[in-house]
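Have a look at coords-v4.cif below; it lists mmCIF, C-alpha atoms.
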data_protein
loop_
_atom_site.label_atom_id
_atom_site.label_comp_id
_atom_site.auth_asym_id
_atom_site.auth_seq_id
_atom_site.Cartn_x
_atom_site.Cartn_y
_atom_site.Cartn_z
CA MET A 1 0.00 0.00 0.00
CA PRO A 2 1.63 3.29 -1.06
CA VAL A 3 1.79 6.20 1.35
CA ILE A 4 -0.82 8.75 0.26
CA THR A 5 -0.15 12.30 1.40
CA CYS A 6 -2.04 14.39 -1.15
CA ILE A 7 -4.46 14.23 -4.09
CA GLU A 8 -1.48 14.22 -6.47
CA ASP A 9 -0.44 10.81 -5.09
CA LEU A 10 -3.89 9.43 -5.92
CA LYS A 11 -3.73 11.06 -9.35
CA ARG A 12 -0.55 9.16 -10.21
CA LEU A 13 -2.12 5.84 -9.15
CA HIS A 14 -5.29 6.64 -11.07
CA ARG A 15 -3.34 7.20 -14.27
CA LYS A 16 -1.41 3.97 -13.76
CA ARG A 17 -4.52 1.83 -13.22
CA THR A 18 -7.14 3.24 -15.64
CA PRO A 19 -7.34 2.88 -19.44
CA LYS A 20 -6.05 5.88 -21.35
CA MET A 21 -9.38 7.04 -22.82
CA PHE A 22 -11.00 7.29 -19.39
CA TRP A 23 -7.97 8.92 -17.80
CA ASP A 24 -7.96 11.46 -20.64
CA TYR A 25 -11.73 11.99 -20.23
CA CYS A 26 -11.12 12.94 -16.59
CA GLU A 27 -7.95 14.96 -16.99
CA SER A 28 -8.78 17.23 -19.91
CA GLY A 29 -10.64 20.36 -20.91
CA SER A 30 -12.08 21.81 -24.09
CA TYR A 31 -10.08 23.25 -26.98
CA THR A 32 -6.78 24.81 -25.74
CA GLU A 33 -7.56 23.85 -22.10
CA GLN A 34 -6.76 27.37 -20.88
CA THR A 35 -9.73 27.49 -18.51
CA PHE A 36 -9.04 23.92 -17.38
CA ARG A 37 -5.51 24.92 -16.35
CA GLU A 38 -6.42 28.26 -14.78
CA ASN A 39 -9.14 26.69 -12.64
CA THR A 40 -6.35 25.22 -10.55
CA SER A 41 -3.49 27.69 -11.05
CA ASP A 42 -5.57 30.72 -10.01
CA PHE A 43 -5.95 29.32 -6.52
CA SER A 44 -2.18 29.78 -6.08
CA LEU A 45 -2.59 33.55 -6.48
CA LEU A 46 -4.38 33.69 -3.13
CA ARG A 47 -2.35 33.61 0.09
CA PHE A 48 -3.34 32.82 3.68
CA ARG A 49 -2.64 35.10 6.63
CA GLN A 50 -0.78 33.18 9.31
CA ARG A 51 -2.01 34.00 12.82
CA VAL A 52 -0.46 32.85 16.11
CA ALA A 53 -0.98 32.70 19.87
CA ARG A 54 -4.64 31.66 19.65
CA ASP A 55 -6.57 28.85 21.29
CA LEU A 56 -6.80 26.22 18.57
CA SER A 57 -8.44 23.44 20.55
CA GLY A 58 -11.82 21.94 19.68
CA ARG A 59 -11.69 22.70 15.97
CA VAL A 60 -14.90 22.24 13.97
CA LEU A 61 -15.28 21.48 10.26
CA ASP A 62 -18.98 20.54 10.41
CA SER A 63 -21.31 22.73 8.40
CA THR A 64 -24.46 22.61 6.29
CA MET A 65 -25.06 22.74 2.54
CA ALA A 66 -28.59 23.66 1.46
CA GLY A 67 -29.86 22.50 4.83
CA THR A 68 -27.97 19.20 4.75
CA LYS A 69 -25.60 18.56 7.64
CA VAL A 70 -22.10 17.78 6.39
CA THR A 71 -18.90 16.81 8.19
CA MET A 72 -17.12 19.40 6.04
CA PRO A 73 -18.49 21.82 3.42
CA VAL A 74 -17.57 19.58 0.50
CA ALA A 75 -19.86 17.56 -1.78
CA LEU A 76 -18.93 15.08 -4.50
CA ALA A 77 -19.78 16.68 -7.83
CA PRO A 78 -21.60 14.86 -10.62
CA VAL A 79 -19.11 13.28 -13.02
CA GLY A 80 -20.17 11.46 -16.16
CA SER A 81 -18.93 7.91 -16.80
CA THR A 82 -17.69 7.56 -13.21
CA GLY A 83 -18.29 3.82 -13.50
CA MET A 84 -15.63 3.68 -16.22
CA GLN A 85 -12.94 5.15 -13.96
CA HIS A 86 -13.49 2.16 -11.67
CA PRO A 87 -16.05 -0.63 -12.10
CA ASP A 88 -19.31 0.28 -10.32
CA GLY A 89 -17.66 3.60 -9.60
CA GLU A 90 -20.81 5.54 -8.69
CA ILE A 91 -21.72 2.93 -6.08
CA HIS A 92 -18.22 3.06 -4.57
CA ALA A 93 -18.26 6.86 -4.45
CA ALA A 94 -21.76 7.06 -2.98
CA ARG A 95 -20.88 4.60 -0.21
CA ALA A 96 -17.68 6.46 0.65
CA ALA A 97 -19.49 9.81 0.75
CA ALA A 98 -22.31 8.47 2.93
CA LYS A 99 -19.90 6.95 5.44
CA PHE A 100 -17.86 10.15 5.51
CA GLY A 101 -20.87 12.39 5.94
CA VAL A 102 -20.78 14.44 2.75
CA PRO A 103 -23.23 14.50 -0.19
CA PHE A 104 -22.73 12.46 -3.35
CA THR A 105 -24.22 13.69 -6.65
CA LEU A 106 -25.12 11.15 -9.34
CA SER A 107 -24.78 12.32 -12.94
CA THR A 108 -27.46 11.77 -15.56
CA MET A 109 -24.63 10.30 -17.66
CA SER A 110 -23.64 7.77 -15.01
CA ILE A 111 -22.80 4.14 -15.64
CA CYS A 112 -24.65 2.92 -12.55
CA SER A 113 -28.31 3.94 -12.62
CA ILE A 114 -30.30 5.89 -10.06
CA GLU A 115 -31.79 2.59 -8.90
CA ASP A 116 -28.37 0.88 -8.72
CA VAL A 117 -27.00 3.56 -6.41
CA ALA A 118 -30.18 3.78 -4.32
CA ALA A 119 -30.02 0.04 -3.65
CA ALA A 120 -26.36 0.21 -2.61
CA SER A 121 -25.97 3.53 -0.79
CA PRO A 122 -26.77 3.71 2.94
CA ASP A 123 -27.94 7.35 2.65
CA PRO A 124 -29.96 9.45 0.20
CA PHE A 125 -27.91 11.15 -2.50
CA TRP A 126 -28.38 14.06 -4.91
CA PHE A 127 -29.27 13.62 -8.57
CA GLN A 128 -27.88 15.85 -11.32
CA LEU A 129 -30.11 16.44 -14.32
CA TYR A 130 -29.19 17.35 -17.88
CA VAL A 131 -32.12 18.84 -19.76
CA MET A 132 -32.72 16.82 -22.91
CA LYS A 133 -34.97 17.47 -25.89
CA ASP A 134 -36.83 14.28 -24.96
CA GLU A 135 -39.19 15.70 -22.30
CA ASP A 136 -40.54 12.23 -21.51
CA PHE A 137 -37.03 11.17 -20.52
CA VAL A 138 -36.56 14.30 -18.39
CA ASP A 139 -39.89 13.79 -16.64
CA SER A 140 -39.12 10.12 -16.08
CA ALA A 141 -35.65 10.86 -14.66
CA ILE A 142 -37.12 13.36 -12.19
CA GLU A 143 -39.74 10.85 -11.09
CA ARG A 144 -37.15 8.08 -10.76
CA ALA A 145 -35.00 10.36 -8.59
CA ARG A 146 -38.01 11.13 -6.41
CA LYS A 147 -38.83 7.43 -5.99
CA ALA A 148 -35.20 6.76 -5.06
CA ASN A 149 -35.52 9.38 -2.27
CA CYS A 150 -32.86 11.64 -3.78
CA SER A 151 -32.63 14.57 -1.38
CA ALA A 152 -31.81 17.29 -3.93
CA LEU A 153 -31.96 17.91 -7.67
CA VAL A 154 -28.89 19.54 -9.21
CA LEU A 155 -29.78 21.07 -12.58
CA THR A 156 -26.81 21.72 -14.86
CA LEU A 157 -27.14 24.89 -16.95
CA ASP A 158 -23.87 25.03 -18.89
CA LEU A 159 -24.13 22.02 -21.17
CA GLN A 160 -26.81 22.95 -23.68
CA ILE A 161 -24.18 22.45 -26.39
CA LEU A 162 -21.21 20.13 -25.89
CA GLY A 163 -17.77 21.75 -25.84
CA GLN A 164 -15.19 19.97 -27.97
CA ARG A 165 -12.60 17.94 -26.09
CA HIS A 166 -9.85 16.96 -28.49
CA LYS A 167 -8.61 13.97 -26.50
CA ASP A 168 -12.04 12.33 -26.40
CA LEU A 169 -12.36 12.59 -30.17
CA LYS A 170 -8.88 11.22 -30.79
CA ASN A 171 -9.46 8.35 -28.36
CA GLY A 172 -12.85 7.49 -29.85
CA LEU A 173 -14.35 7.66 -26.36
CA THR A 174 -17.33 5.36 -25.73
CA SER A 175 -18.79 3.52 -22.75
CA PRO A 176 -18.04 0.65 -22.95
CA PRO A 177 -14.90 0.99 -25.11
CA ARG A 178 -15.15 -0.31 -28.65
CA PRO A 179 -13.09 -3.51 -29.10
CA THR A 180 -10.48 -1.91 -31.34
CA ILE A 181 -6.91 -3.20 -31.36
CA PRO A 182 -5.50 -0.09 -29.57
CA ASN A 183 -8.24 -0.31 -26.91
CA LEU A 184 -7.70 -4.04 -26.37
CA ILE A 185 -3.94 -3.54 -26.02
CA ASN A 186 -4.43 -0.69 -23.56
CA MET A 187 -6.96 -2.64 -21.46
CA ALA A 188 -4.60 -5.63 -21.39
CA MET A 189 -2.07 -3.33 -19.72
CA LYS A 190 -4.63 -2.50 -16.98
CA PRO A 191 -5.41 -6.02 -15.69
CA ARG A 192 -7.04 -4.97 -12.41
CA TRP A 193 -9.48 -2.63 -14.17
CA THR A 194 -10.20 -5.13 -16.94
CA TRP A 195 -10.79 -8.04 -14.57
CA ASN A 196 -13.16 -6.09 -12.33
CA MET A 197 -14.99 -4.52 -15.29
CA ALA A 198 -15.60 -7.98 -16.75
CA ARG A 199 -17.28 -9.00 -13.48
CA THR A 200 -19.92 -6.24 -13.43
CA PRO A 201 -22.92 -5.88 -15.76
CA ARG A 202 -22.71 -2.07 -15.44
CA ARG A 203 -20.74 -0.95 -18.48
CA GLN A 204 -23.05 1.51 -20.25
CA PHE A 205 -25.22 4.51 -19.39
CA ARG A 206 -27.86 2.74 -17.33
CA ASN A 207 -29.87 5.91 -16.67
CA ILE A 208 -30.57 5.94 -20.41
CA VAL A 209 -30.47 2.36 -21.69
CA GLY A 210 -33.79 0.77 -20.79
CA HIS A 211 -35.38 4.16 -20.18
CA VAL A 212 -35.37 5.57 -23.72
CA LYS A 213 -37.31 3.98 -26.55
CA ASN A 214 -35.21 2.32 -29.28
CA VAL A 215 -31.89 2.80 -27.46
CA THR A 216 -30.56 -0.74 -27.15
CA SER A 217 -27.04 -0.67 -28.58
CA LEU A 218 -23.88 1.41 -28.24
CA ALA A 219 -24.56 2.99 -31.62
CA ASP A 220 -28.14 3.88 -30.61
CA LEU A 221 -26.91 5.38 -27.35
CA THR A 222 -24.19 7.46 -29.00
CA ALA A 223 -26.59 8.84 -31.60
CA TRP A 224 -29.24 9.66 -28.99
CA ALA A 225 -26.82 11.39 -26.59
CA ASN A 226 -25.18 13.48 -29.32
CA GLU A 227 -28.53 14.89 -30.39
CA GLN A 228 -30.32 15.29 -27.09
CA PHE A 229 -28.78 18.15 -25.07
CA ASP A 230 -31.41 20.87 -25.23
CA PRO A 231 -30.16 24.15 -26.77
CA LYS A 232 -33.50 25.78 -25.90
CA LEU A 233 -33.02 25.47 -22.13
CA ASP A 234 -34.10 28.81 -20.67
CA TRP A 235 -35.36 30.19 -17.36
CA ALA A 236 -38.93 29.16 -18.16
CA LYS A 237 -37.80 25.54 -18.46
CA VAL A 238 -35.78 25.91 -15.26
CA ALA A 239 -38.95 27.07 -13.50
CA ARG A 240 -40.92 24.13 -14.93
CA ILE A 241 -38.37 21.65 -13.58
CA ARG A 242 -38.23 23.41 -10.21
CA ASP A 243 -42.01 23.21 -9.86
CA GLN A 244 -42.04 19.59 -10.97
CA TRP A 245 -39.33 18.59 -8.47
CA LYS A 246 -40.57 20.64 -5.47
CA GLY A 247 -37.63 19.58 -3.26
CA LYS A 248 -34.16 21.07 -2.70
CA PHE A 249 -33.19 22.66 -6.01
CA ILE A 250 -29.60 23.51 -6.91
CA LEU A 251 -28.43 25.24 -10.09
CA LYS A 252 -24.95 24.36 -11.38
CA GLY A 253 -22.85 26.03 -14.05
CA VAL A 254 -23.28 29.73 -13.21
CA LEU A 255 -20.25 31.90 -13.96
CA ASP A 256 -21.71 35.37 -14.40
CA PRO A 257 -23.22 37.69 -11.74
CA GLU A 258 -26.27 38.47 -13.89
CA ASP A 259 -26.99 34.78 -14.38
CA ALA A 260 -26.48 34.25 -10.65
CA LYS A 261 -29.19 36.80 -9.87
CA MET A 262 -31.55 35.01 -12.26
CA ALA A 263 -30.72 31.67 -10.68
CA ALA A 264 -31.49 33.05 -7.23
CA ASP A 265 -34.73 34.58 -8.51
CA ALA A 266 -35.61 31.17 -9.95
CA GLY A 267 -35.78 29.77 -6.43
CA ALA A 268 -32.46 27.94 -6.25
CA ASP A 269 -31.49 26.72 -2.78
CA ALA A 270 -27.88 27.02 -3.93
CA VAL A 271 -26.05 28.39 -6.96
CA ILE A 272 -22.86 26.61 -7.98
CA VAL A 273 -20.17 28.78 -9.54
CA SER A 274 -18.70 26.44 -12.14
CA ASN A 275 -17.34 26.33 -15.68
CA HIS A 276 -17.83 22.57 -15.94
CA GLY A 277 -14.24 21.92 -14.93
CA GLY A 278 -12.94 23.82 -17.95
CA ARG A 279 -14.72 21.39 -20.28
CA GLN A 280 -17.17 23.80 -21.92
CA LEU A 281 -16.32 27.46 -22.70
CA ASP A 282 -12.55 27.55 -23.11
CA GLY A 283 -11.26 31.07 -22.46
CA ALA A 284 -13.73 31.74 -19.66
CA LEU A 285 -12.34 32.94 -16.35
CA SER A 286 -11.71 30.41 -13.62
CA SER A 287 -14.43 29.68 -11.10
CA ILE A 288 -12.39 31.04 -8.18
CA ARG A 289 -11.86 34.40 -9.96
CA MET A 290 -15.59 34.72 -10.65
CA LEU A 291 -16.71 33.66 -7.16
CA PRO A 292 -16.48 37.07 -5.41
CA SER A 293 -18.61 38.86 -8.01
CA VAL A 294 -21.27 36.14 -7.83
CA VAL A 295 -21.32 36.33 -4.03
CA ARG A 296 -21.81 40.11 -4.20
CA ALA A 297 -24.58 39.77 -6.78
CA VAL A 298 -26.56 37.16 -4.84
CA GLY A 299 -26.06 38.47 -1.32
CA ASP A 300 -28.11 36.51 1.20
CA GLN A 301 -30.75 35.49 -1.33
CA THR A 302 -29.32 31.97 -1.69
CA GLU A 303 -26.19 29.96 -0.93
CA VAL A 304 -23.24 30.20 -3.31
CA TRP A 305 -20.95 27.20 -3.76
CA LEU A 306 -17.80 26.75 -5.82
CA ASP A 307 -16.96 23.93 -8.23
CA SER A 308 -14.04 23.50 -10.66
CA GLY A 309 -10.36 23.51 -9.73
CA ILE A 310 -10.34 22.28 -6.13
CA ARG A 311 -7.50 19.85 -5.50
CA SER A 312 -6.81 20.35 -1.81
CA GLY A 313 -8.22 21.36 1.53
CA GLN A 314 -6.42 24.67 1.13
CA ASP A 315 -8.41 25.30 -2.05
CA VAL A 316 -11.64 24.60 -0.15
CA LEU A 317 -10.69 27.13 2.53
CA LYS A 318 -9.80 29.77 -0.05
CA ALA A 319 -13.23 29.36 -1.65
CA LEU A 320 -14.94 29.63 1.73
CA SER A 321 -12.87 32.69 2.58
CA LEU A 322 -14.10 34.39 -0.60
CA GLY A 323 -17.70 33.85 0.41
CA ALA A 324 -18.69 30.35 -0.73
CA LYS A 325 -20.88 28.43 1.73
CA GLY A 326 -19.89 25.09 0.24
CA THR A 327 -17.76 23.45 -2.42
CA MET A 328 -17.90 20.54 -4.83
CA ILE A 329 -15.01 18.32 -5.85
CA GLY A 330 -14.86 16.26 -9.03
CA ARG A 331 -11.42 15.23 -10.23
CA ALA A 332 -10.06 15.16 -6.67
CA TYR A 333 -12.31 12.26 -5.70
CA ILE A 334 -12.22 10.65 -9.15
CA HIS A 335 -8.46 10.30 -8.75
CA GLY A 336 -9.08 8.42 -5.53
CA LEU A 337 -11.74 6.26 -7.13
CA GLY A 338 -9.54 5.36 -10.11
CA ALA A 339 -6.67 4.59 -7.78
CA MET A 340 -8.39 2.44 -5.15
CA GLY A 341 -12.17 2.36 -5.54
CA GLU A 342 -14.23 3.18 -2.44
CA ALA A 343 -11.13 3.22 -0.24
CA GLY A 344 -9.55 5.74 -2.59
CA VAL A 345 -12.55 8.08 -2.41
CA THR A 346 -12.41 7.86 1.37
CA THR A 347 -8.68 8.59 1.26
CA ALA A 348 -9.26 11.65 -0.95
CA LEU A 349 -11.83 12.98 1.51
CA GLU A 350 -9.52 12.28 4.46
CA VAL A 351 -6.67 14.13 2.73
CA ILE A 352 -8.86 17.17 2.10
CA ARG A 353 -10.27 17.16 5.64
CA LYS A 354 -6.80 16.95 7.22
CA GLU A 355 -5.51 19.75 5.00
CA MET A 356 -8.51 21.88 5.93
CA ASP A 357 -8.10 21.21 9.64
CA ILE A 358 -4.40 22.01 9.83
CA THR A 359 -4.54 25.02 7.50
CA MET A 360 -7.55 26.49 9.29
CA ALA A 361 -5.71 26.19 12.60
CA LEU A 362 -2.59 27.88 11.24
CA CYS A 363 -4.83 30.71 10.07
CA GLY A 364 -5.90 31.11 13.69
CA GLU A 365 -9.45 29.76 13.28
CA ARG A 366 -11.28 27.01 15.17
CA ASP A 367 -14.53 26.88 13.19
CA VAL A 368 -14.63 26.57 9.41
CA LYS A 369 -17.73 28.79 9.33
CA ASN A 370 -15.57 31.68 10.57
CA MET A 371 -13.27 31.60 7.53
CA GLY A 372 -13.53 34.87 5.61
CA ARG A 373 -11.63 37.49 3.65
CA HIS A 374 -9.74 38.38 6.82
CA ASN A 375 -7.91 35.06 6.43
CA LEU A 376 -6.59 35.86 2.94
CA LEU A 377 -4.13 38.10 1.19
CA ILE A 378 -5.71 38.82 -2.20
CA PRO A 379 -3.96 40.47 -5.16
CA GLN A 380 -5.58 43.80 -5.99
CA ASP A 381 -6.16 42.67 -9.57
CA PHE A 382 -7.37 39.14 -8.69
CA GLU A 383 -10.79 39.61 -10.25
CA GLY A 384 -9.27 41.53 -13.17
CA ASN A 385 -10.15 44.87 -14.69
CA TRP A 386 -11.90 43.77 -17.83
CA ALA A 387 -13.30 46.24 -20.37
#

Turn this file's structure into structure tokens for me.
Amino acid sequence: MPVITCIEDLKRLHRKRTPKMFWDYCESGSYTEQTFRENTSDFSLLRFRQRVARDLSGRVLDSTMAGTKVTMPVALAPVGSTGMQHPDGEIHAARAAAKFGVPFTLSTMSICSIEDVAAASPDPFWFQLYVMKDEDFVDSAIERARKANCSALVLTLDLQILGQRHKDLKNGLTSPPRPTIPNLINMAMKPRWTWNMARTPRRQFRNIVGHVKNVTSLADLTAWANEQFDPKLDWAKVARIRDQWKGKFILKGVLDPEDAKMAADAGADAVIVSNHGGRQLDGALSSIRMLPSVVRAVGDQTEVWLDSGIRSGQDVLKALSLGAKGTMIGRAYIHGLGAMGEAGVTTALEVIRKEMDITMALCGERDVKNMGRHNLLIPQDFEGNWA
């Protein structure tokens, strides 16, 4: 068992143990990948203020996110094809999150279905919805999530049109992989992944297959998915879905203050500042740069969370210090999952919690809810002066 000290250690194991096309799917962005890179590098522009001679006993990381009690203000973000990073990956991640006391969010484009995860997870989880042209599918997915006792609906707003990811096209990404000679050679070099994948029946998008008419093969699924993301998604459709769901309603993919105001007006219990991990609009500013302006725009009308770029507990604290009430991690836990399954997700969460605890203490704080701008040194031009 290797000694794991940080998310980077899990990332190296993940790359070693997972087929290339799924590693590339995780660790890539759209077009030039500028936004993908800056999502992480912009965190390094922020500095903590070290404070000393304070009582640091009895430290508390517990918080709430949209009324849900959490052991730290971190939720597992929805990630498509998680079950291809590790066999039955969504089930492993949901179990780890439930045991740790943080929310897990299941993607519409998951390998394990809503029902698969509900049967295996000890706690309710959140469901992320993509709005498709097929309204019957959307209505059915919402109803299935309700029947599975999902405790929140996370509606993604920034994937009406799919951003181009060069690596996915070059790899011929599909779930499951097509049995081409390069794919077979690569999978033969990942024996643990291949052996475990052969033992599970969950190797395609089970939220779609069996729930959409005439989608029975990989070709059918690919054609359906490529045509289905709804370019007409607008605030009227958001309101329709909100009224249909009626429970906790979270809007993900907001990067502009004006859109954040509209999301709050739409009745969101939380607004997630996110650029889809740098996988959609390349050239957009990083989530952490846009966070302060969104927080100012929304005020106390709803909670603001941050997604995209978090790779450490220090990153979580920087987001909280800039006004976020919660955060979501994607690649950070996927690296753990690809490295060691459920145990790897748990390890990723433990790494982040320990980093948060120690860093918070060295900032002179005992309660994570007290983190604020007073804990940071922020460059005067951090948000930029854009014409």

What does the PyMOL selection byres ((chain A and resi 116-123) around 10) select in this file, as a tab-separated table (two decimals) with C-alpha atoms, in the frame of the given file?
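Output below, filename out00.tsv:
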chain	number	residue	atom	x	y	z
A	88	ASP	CA	-19.31	0.28	-10.32
A	89	GLY	CA	-17.66	3.60	-9.60
A	90	GLU	CA	-20.81	5.54	-8.69
A	91	ILE	CA	-21.72	2.93	-6.08
A	92	HIS	CA	-18.22	3.06	-4.57
A	93	ALA	CA	-18.26	6.86	-4.45
A	94	ALA	CA	-21.76	7.06	-2.98
A	95	ARG	CA	-20.88	4.60	-0.21
A	96	ALA	CA	-17.68	6.46	0.65
A	97	ALA	CA	-19.49	9.81	0.75
A	98	ALA	CA	-22.31	8.47	2.93
A	99	LYS	CA	-19.90	6.95	5.44
A	101	GLY	CA	-20.87	12.39	5.94
A	103	PRO	CA	-23.23	14.50	-0.19
A	104	PHE	CA	-22.73	12.46	-3.35
A	106	LEU	CA	-25.12	11.15	-9.34
A	111	ILE	CA	-22.80	4.14	-15.64
A	112	CYS	CA	-24.65	2.92	-12.55
A	113	SER	CA	-28.31	3.94	-12.62
A	114	ILE	CA	-30.30	5.89	-10.06
A	115	GLU	CA	-31.79	2.59	-8.90
A	124	PRO	CA	-29.96	9.45	0.20
A	125	PHE	CA	-27.91	11.15	-2.50
A	145	ALA	CA	-35.00	10.36	-8.59
A	147	LYS	CA	-38.83	7.43	-5.99
A	148	ALA	CA	-35.20	6.76	-5.06
A	149	ASN	CA	-35.52	9.38	-2.27
A	150	CYS	CA	-32.86	11.64	-3.78
A	151	SER	CA	-32.63	14.57	-1.38
A	202	ARG	CA	-22.71	-2.07	-15.44
A	206	ARG	CA	-27.86	2.74	-17.33
A	207	ASN	CA	-29.87	5.91	-16.67

* Between A:Val212, A:Leu184, A:Leu281, A:Met262, single out the one closest to Met21 (chain A), counting all atoms listed in the file. => A:Leu184

* Any idea what's packed within 10 Å of Pro231 (chain A), counting all atoms listed in the file, ignoring anything in its chain fewer than 5 positions away? Could you give it as a ChimeraX atom specification? -> /A:131-133,159-162

* Asked: Quick one: which residues end up in the PyMOL selection byres ((chain A and resi 48) around 9) for this structure, as a PyMOL selection string?
  -> chain A and resi 46-47+49-50+318+359+363+375-378

* Could you check how far CA of Arg311 (chain A) sits from CA of Ser274 (chain A), in Å to one decimal? => 14.6 Å

* Would you mind telling me which residue in A:Glu258, A:Ser175, A:Gly336, A:Asn183 lies nearest to Val209 (chain A) when using only C-alpha atoms? =>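 For Val209 (chain A), the nearest of the candidates is A:Ser175.
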
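Across the structure, CA of Phe127 (chain A) and CA of Thr108 (chain A) are spaced 7.5 Å apart.
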
* Hey, can you check how far CA of Val102 (chain A) sits from CA of Lys248 (chain A)? -> 15.9 Å

* Find, counting only C-alpha atoms, the residue in A:Met340, A:Lys69, A:Phe22, A:Trp245 that gets nearest to Asn186 (chain A). => A:Phe22

* Asked: Which residues match the PyMOL selection byres ((chain A and resi 4) around 10) in the file above, as a list in words?
  ->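 On this input, the PyMOL selection byres ((chain A and resi 4) around 10) captures Met1, Pro2, Val3, Thr5, Cys6, Ile7, Glu8, Asp9, Leu10, Leu13, Gly344, Thr347, Ala348 and Val351 of chain A.
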
* Who sits within 9 Å of Gly330 (chain A), only C-alpha atoms, same chain under 4 positions skipped, as a ChimeraX atom specification -> /A:75-79,277,307-311,334-335

* Spatial neighbours of Thr222 (chain A), max dist 8 Å, all atoms listed in the file, sep filter under 4 positions, as a ChimeraX atom specification -> /A:174,218,226

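Ranking A:Ile358, A:Ile352, A:Val52, A:Met290 by their shortest atom-to-atom distance to Trp305 (chain A), with all atoms listed in the file included, puts A:Met290 first.
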
* With all atoms listed in the file as the basis for distance, which of A:Ile185, A:Met371, A:Val60, A:Leu337 is at the shortest distance from Leu322 (chain A)? ->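 Closest candidate: A:Met371.
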
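Closest approach to Phe137 (chain A) among A:Phe229, A:Asn385, A:Ala361, A:Val294 is made by A:Phe229 (distances from all atoms listed in the file).
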
* To do: Excluding Val304 (chain A) and any residue of its chain fewer than 6 positions from it, enumerate the residues within 7 Å of it, using all atoms listed in the file, and give them as a list of chain:residue names.
  =>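 The contact residues come out as A:Ala270, A:Val271, A:Ile272, A:Val295, A:Ala324, A:Lys325.
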
Could you turn the residues from that selection into a file that holds C-alpha atoms, as a CSV table (one decimal), in the coordinates of the input?
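Below is the file that was written, again03.csv:
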chain,number,residue,atom,x,y,z
A,270,ALA,CA,-27.9,27.0,-3.9
A,271,VAL,CA,-26.0,28.4,-7.0
A,272,ILE,CA,-22.9,26.6,-8.0
A,295,VAL,CA,-21.3,36.3,-4.0
A,324,ALA,CA,-18.7,30.4,-0.7
A,325,LYS,CA,-20.9,28.4,1.7
